[in-house]
Amino acid sequence: MNAIIYQKDSNKIVHFILDKSDASANLMDEEFCRDLAQCVSKLMQDDFIGVIIRSAKVAFFAGGDIDLLYKTQQENAEQLFAMVESIKQSLRQLETMSKPVVVCIQGAVLGGGMEIALAADYRIALNRKSTVVGFPEVTLGLLPGAGGVIRTTRMLGLKKAMPVLTEGKNIKVKAALELGLVDSLVDEESELLPLAIEWINNHPRVSKSWDEKGFQLPGGNLNKPNIAQVVMIAPAILKQKTAGLLPAPEKILAAMVEGVQVDFDTASQIESRYFVELACSQVSKNLINTFWYQLNQIKASTSRPANCPEQAINKVGVLGAGMMGAGIAYACANKGISVVLKDISLEAAEKGKQYSERLLSKKVSHGRISEQKQREILSLIQTSASATDLKGCELVIEAVFENRDLKTQVTQEAEQYLSDETIFASNTSTLPISGLARAAKKTENFIGLHFFSPVDKMPLVEIIKGEKTSTTALAKSYDFVQQIGKIPIVVNDSRGFFTSRVFATFVKEGIAMLGEGIAAESIENAASLAGFPVGPLAVSDEVSLTLIDKIRKQTEKDCRAEGSSIPPHPADKVVDQMMGFNRQGKLSGAGFYDYPEGQVKHLWSGLKQHFYKAEAQTELQAIKDRLLYIMALESIRCMQESVIESSGDANIGSIFGIGYPAWTGGVLQFINHVGLEAFAARAERFSIQFGSRFEPPELLKEKLKNGECF
């Protein structure tokens with residue numbers, strides 16, 4: 001056997017040692033399935049008093065075989081169904097044999113590993129930060145298929161089990177103990193085995209509560225009014241969160257509710273059917289492709305220059321203590337990096353530091369960190385009004401307003417105090433890096449680090465390579481982004497780079513539809529139903545129409561200087577009209593929305609008067625498609641122009657940076673989801689109706705001709 005080692009000790013206790021050969025982690029794959037069945041069969045013929053399940057790896061168990069799940073289609077679904085049913089049968093035999101089974105847990109116990117643990121009678125865990133439990137399957141469009149749904153629900157009850165199963169969050173070991181998912185903690189790894197042996201000796205005969213006569217579901221069955229009420233409103237709550245676009249949470253809820261109304265074995269089959277159904281779904285394929293394969297490639301630094309040694313940054317300078325600069329300073333200090341937060345006055349810099357203080361105070365009040373930890377983090381942020389304090393910084397990040405002259409000024413002011421090795425990064429979201437780098441003496445050290453607001457919540461950083469950016473600067477920047485716990489994507493220099501350029505098409509398309517006469521309510525609702533977190537009109541107000549107008553005028557000015565031009569966009573006329581109405585956005589208190597003090601914002605009634613046309617109304621699907629397609633088409637152009645070089649960077653960047661709906665798997669995976677031929681045909685029809693911005697790019701035509709995907 002290559003996945004499980006079967007051993008019996010002198011106490012007549014059998015040990016199942018999980019140790020997949022030639023692998024760093026244990027997986028719930030076909031080999032494990034066979035070995036588990038053989039071990040259980042051998043056990044039933046053996047003379048023993050109990051079983052201990054433990055791992056020889058650093059982590060207890062890595063989970064399911066993602067490759068197998070990704071390859072599963074309707075045609076071979078029976079193979080997956082048979083495998084999970086076999087695993088369940090083996091675990092059920094262990095569970096019902098009346099002899100004690102103990103699991104010794106260290107490291108991560110997620111997904112399939114947690115399902116093994118729940119089949120045991122007692123779970124002992126190592127009390128370490130690295131020991132976490134949970135069911136992350138829902139994040140990949142799946143559900144726990146080896147008994148996780150059924151056992152968790154019977155163990156915790158419907159109400160407590162719902163967040164554990166539907167949210168996919170890792171649960172720290174102490175919280176798992178309080179929930180009842182873990183039974184005991186030990187402080188040293190050497191204590192795991194003795195305690196397991198002791199428990200077996202003290203509990204010669206055992207049975208699960210749900211196998212005993214008169215079992216009552218914790219918290220109450222469906223006939224209890226408060227539980228019935230929770231179950232009735234839960235689908236609506238889930239649909240509000242997922243817009244009905246992510247089927248896994250709803251299937252998990254269905255398996256839970258249906259499962260508690262039947263016997264254990266029937267419930268187990270219900271779970272298996274839902275599991276296989278989800279594994280075959282295209283949404284699951286999208287999520288696995290992007291959130292597993294492509295995200296892991298980014299974490300493995302595939303876009304980072306391989307010939308540069310890894311380096312940690314110890315001191316960072318941040319120029320500009322506004323919301324973005326203050327957020328960057330917090331992100332650095334929170335990871336133990338010293339920060340010089342500089343602004344034009346010490347008062348302004350101190351105001352920026354207060355942002356970190358507020359975030360940390362909130363953590364203290366929620367019991368997530370101690371007051372001592374708060375003081376330690378804040379002590380890492382040095383406020384300043386003098387560029388001389390930047391001496392010794394290994395990285396300086398400029399985060400001032402989107403004004404080329406101002407950026408030039410702060411770059412030159414800072415550079416005289418920096419070493420030849422210091423990396424200088426601009427947080428610009430639109431201005432080309434190569435142009436900004438001309439203000440620097442060492443252009444090879446100049447790079448773009450585009451953070452997203454609010455920095456403490458947004459996980460993405462877009463790294464922009466200028467024409468002369470060195471591989472050393474890129475490698476150091478990549479390492480820094482990962483050091484502060486963010487996700488890096490790498491793009492080449494271009495106006496708007498990747499994220500801002502693609503995001504602008506979403507905003508402009510929504511505004512253009514308003515200009516055509518489509519009801520503002522339809523535009524915003526369609527965006528929500530498509531899975532976007534915010535509608536294009538609402539986000540325009542957040543960004544401000546003033547900024548949208550400034551970016552357009554700056555772009556036109558730069559293009560004239562370069563001897564080129566950009567075609568007018570139908571959204572431009574609407575922006576001009578709104579500016580003429582003195583409605584610049586949320587900051588001014590009036591934009592596409594009204595912002596009455598102390599009340600919920602609502603769409604401005606004047607939109608109907610000035611823009612609405614009854615004959616322009618169309619089906620919601622067309623509006624959803626226009627928003628989804630325009631961003632995907634611009635992403636193809638970015639790849640065609642080598643602005644972005646990897647589909648993984650495009651997909652991850654679009655979801656984590658600019659809110660492209662997660663169910664799609666990202667801008668390019670959405671095209672694969674639709675099918676290149678169908679996508680190209682729909683885009684062609686849109687181009688005839690709405691203009692050349694929807695014309696299929698040459699790269700799409702090439703891939704379609706060659707039978708390739710993105």
# chains A, B, ... in the order shown; residues from 1 in each chain; ligands from 1

call {"tool": "residues_around", "arguments": {"residues": "region 15-27 of chain A", "least_positions_apart": "2", "cutoff": "6 Å", "atoms": "only C-alpha atoms", "output": "list in words"}}
result
Asn2, Ala3, Ile4, Ile5, Tyr6, Gln7, Lys8, Asp29, Val51, Ile52, Ile53, Arg54, Ser55, Ala56, Phe61, Ala62, Gly63, Gly64 and Asp65 of chain A

call {"tool": "residues_around", "arguments": {"residues": "Glu189 (chain A)", "least_positions_apart": "4", "cutoff": "10 Å", "atoms": "only C-alpha atoms", "output": "MDAnalysis selection string"}}
result
chainID A and resid 104:106 125:128 193

call {"tool": "select_by_dssp", "arguments": {"residues": "region 302-460 of chain A", "states": "helix (DSSP H, G or I)", "output": "VMD selection string"}}
result
chain A and resid 323 to 333 346 to 365 371 to 379 387 to 390 404 to 415 433 to 437 443 to 445

call {"tool": "atom_distance", "arguments": {"atom1": "CA of Leu222 (chain A)", "atom2": "CA of Met155 (chain A)"}}
result
15.3 Å

call {"tool": "atom_distance", "arguments": {"atom1": "CA of His610 (chain A)", "atom2": "CA of Asp625 (chain A)"}}
result
25.0 Å

call {"tool": "residues_around", "arguments": {"residues": "region 224-237 of chain A", "least_positions_apart": "6", "cutoff": "8 Å", "atoms": "only C-alpha atoms", "output": "PyMOL selection string"}}
result
chain A and resi 158-159+250+253+257

call {"tool": "residues_around", "arguments": {"residues": "Ile381 (chain A)", "least_positions_apart": "5", "cutoff": "9 Å", "atoms": "only C-alpha atoms", "output": "list in words"}}
result
Ala329, Tyr330, Cys332, Ala333, Ile337, Ser338, Val339, Val340, Leu341 and Lys353 of chain A

call {"tool": "residues_around", "arguments": {"residues": "Ala387 (chain A)", "least_positions_apart": "3", "cutoff": "8 Å", "atoms": "only C-alpha atoms", "output": "ChimeraX atom specification"}}
result
/A:342,384,390,413-414,417

call {"tool": "residues_around", "arguments": {"residues": "Lys129 (chain A)", "least_positions_apart": "2", "cutoff": "12 Å", "atoms": "only C-alpha atoms", "output": "PyMOL selection string"}}
result
chain A and resi 106-108+125-127+131-133+170-175+187

call {"tool": "write_last_selection", "arguments": {"atoms": "C-alpha atoms", "output": "tab-separated table (two decimals), in the first residue's frame"}}
result
chain	number	residue	atom	x	y	z
A	106	GLN	CA	-1.38	18.30	13.40
A	107	GLY	CA	-1.18	20.99	10.72
A	108	ALA	CA	-4.04	21.69	8.35
A	125	ALA	CA	-5.28	18.24	17.93
A	126	LEU	CA	-1.92	19.91	18.39
A	127	ASN	CA	-2.45	23.41	19.78
A	131	THR	CA	-3.46	23.61	13.03
A	132	VAL	CA	-6.67	24.64	11.30
A	133	VAL	CA	-9.79	22.68	10.38
A	170	ASN	CA	-10.49	27.88	8.02
A	171	ILE	CA	-11.31	27.43	11.71
A	172	LYS	CA	-8.56	27.89	14.28
A	173	VAL	CA	-8.06	24.94	16.56
A	174	LYS	CA	-9.36	26.61	19.74
A	175	ALA	CA	-12.53	27.69	17.96
A	187	ASP	CA	0.70	21.52	23.53

call {"tool": "closest_residue", "arguments": {"among": "A:Ala440, A:Glu31, A:Val283, A:Ala616", "to": "Asn672 (chain A)", "atoms": "only C-alpha atoms"}}
result
A:Val283

call {"tool": "closest_residue", "arguments": {"among": "A:Val502, A:Gln584, A:Phe690, A:Thr469", "to": "Pro570 (chain A)", "atoms": "only C-alpha atoms"}}
result
A:Phe690

call {"tool": "closest_atom_pairs", "arguments": {"of": "region 623-664 of chain A", "to": "region 504-510 of chain A", "cutoff": "12 Å", "atoms": "only C-alpha atoms", "output": "JSON lines"}}
result
{"residue": "A:Ile623", "atom": "CA", "partner": "A:Gly510", "partner_atom": "CA", "distance": 8.6}
{"residue": "A:Lys624", "atom": "CA", "partner": "A:Gly510", "partner_atom": "CA", "distance": 10.0}
{"residue": "A:Asp625", "atom": "CA", "partner": "A:Glu509", "partner_atom": "CA", "distance": 10.9}
{"residue": "A:Arg626", "atom": "CA", "partner": "A:Glu509", "partner_atom": "CA", "distance": 7.5}
{"residue": "A:Leu627", "atom": "CA", "partner": "A:Phe506", "partner_atom": "CA", "distance": 5.7}
{"residue": "A:Leu628", "atom": "CA", "partner": "A:Phe506", "partner_atom": "CA", "distance": 7.9}
{"residue": "A:Tyr629", "atom": "CA", "partner": "A:Phe506", "partner_atom": "CA", "distance": 9.2}
{"residue": "A:Ile630", "atom": "CA", "partner": "A:Thr505", "partner_atom": "CA", "distance": 6.3}
{"residue": "A:Met631", "atom": "CA", "partner": "A:Thr505", "partner_atom": "CA", "distance": 6.0}
{"residue": "A:Ala632", "atom": "CA", "partner": "A:Thr505", "partner_atom": "CA", "distance": 9.6}
{"residue": "A:Leu633", "atom": "CA", "partner": "A:Thr505", "partner_atom": "CA", "distance": 9.5}
{"residue": "A:Glu634", "atom": "CA", "partner": "A:Thr505", "partner_atom": "CA", "distance": 7.5}
{"residue": "A:Ser635", "atom": "CA", "partner": "A:Thr505", "partner_atom": "CA", "distance": 10.1}
{"residue": "A:Ser654", "atom": "CA", "partner": "A:Phe506", "partner_atom": "CA", "distance": 11.5}
{"residue": "A:Ile658", "atom": "CA", "partner": "A:Phe506", "partner_atom": "CA", "distance": 9.6}
{"residue": "A:Gly659", "atom": "CA", "partner": "A:Phe506", "partner_atom": "CA", "distance": 10.3}
{"residue": "A:Tyr660", "atom": "CA", "partner": "A:Phe506", "partner_atom": "CA", "distance": 9.6}

call {"tool": "decode", "arguments": {"residues": "region 511-565 of chain A", "atoms": "C-alpha atoms", "output": "CSV table (one decimal), in the first residue's frame"}}
result
chain,number,residue,atom,x,y,z
A,511,ILE,CA,-22.8,55.0,-18.7
A,512,ALA,CA,-23.1,54.4,-22.4
A,513,MET,CA,-26.2,52.3,-21.9
A,514,LEU,CA,-27.7,55.1,-19.8
A,515,GLY,CA,-27.0,57.4,-22.7
A,516,GLU,CA,-28.9,55.1,-25.0
A,517,GLY,CA,-31.9,55.5,-22.9
A,518,ILE,CA,-31.8,52.2,-20.9
A,519,ALA,CA,-33.3,52.6,-17.4
A,520,ALA,CA,-30.6,53.2,-14.8
A,521,GLU,CA,-32.3,50.7,-12.5
A,522,SER,CA,-32.0,48.0,-15.2
A,523,ILE,CA,-28.3,48.7,-15.7
A,524,GLU,CA,-27.5,48.5,-11.9
A,525,ASN,CA,-29.7,45.4,-11.3
A,526,ALA,CA,-28.3,43.6,-14.3
A,527,ALA,CA,-24.8,44.2,-13.0
A,528,SER,CA,-25.8,42.8,-9.6
A,529,LEU,CA,-27.5,39.8,-11.2
A,530,ALA,CA,-24.4,39.1,-13.3
A,531,GLY,CA,-22.3,38.9,-10.1
A,532,PHE,CA,-20.6,42.3,-10.0
A,533,PRO,CA,-20.3,43.7,-6.5
A,534,VAL,CA,-21.2,47.2,-7.5
A,535,GLY,CA,-23.1,48.6,-10.6
A,536,PRO,CA,-21.3,50.8,-13.1
A,537,LEU,CA,-23.2,53.9,-12.2
A,538,ALA,CA,-22.6,53.5,-8.4
A,539,VAL,CA,-18.9,52.8,-8.9
A,540,SER,CA,-18.7,55.9,-11.2
A,541,ASP,CA,-20.0,58.0,-8.3
A,542,GLU,CA,-17.4,56.4,-6.0
A,543,VAL,CA,-14.5,57.1,-8.4
A,544,SER,CA,-16.1,60.5,-9.2
A,545,LEU,CA,-17.1,61.8,-12.6
A,546,THR,CA,-14.5,64.5,-12.1
A,547,LEU,CA,-11.7,62.0,-12.1
A,548,ILE,CA,-13.2,60.1,-15.1
A,549,ASP,CA,-13.2,63.4,-16.9
A,550,LYS,CA,-9.7,64.3,-15.9
A,551,ILE,CA,-8.3,60.9,-17.0
A,552,ARG,CA,-10.0,61.3,-20.4
A,553,LYS,CA,-8.6,64.8,-20.9
A,554,GLN,CA,-5.1,63.7,-19.8
A,555,THR,CA,-5.3,60.8,-22.2
A,556,GLU,CA,-6.4,63.0,-25.1
A,557,LYS,CA,-3.5,65.5,-24.2
A,558,ASP,CA,-0.9,62.7,-24.1
A,559,CYS,CA,-2.2,61.2,-27.4
A,560,ARG,CA,-1.9,64.6,-29.1
A,561,ALA,CA,1.6,64.9,-27.9
A,562,GLU,CA,2.4,61.5,-29.3
A,563,GLY,CA,0.7,62.4,-32.6
A,564,SER,CA,-2.2,59.9,-32.1
A,565,SER,CA,-5.8,60.1,-31.1
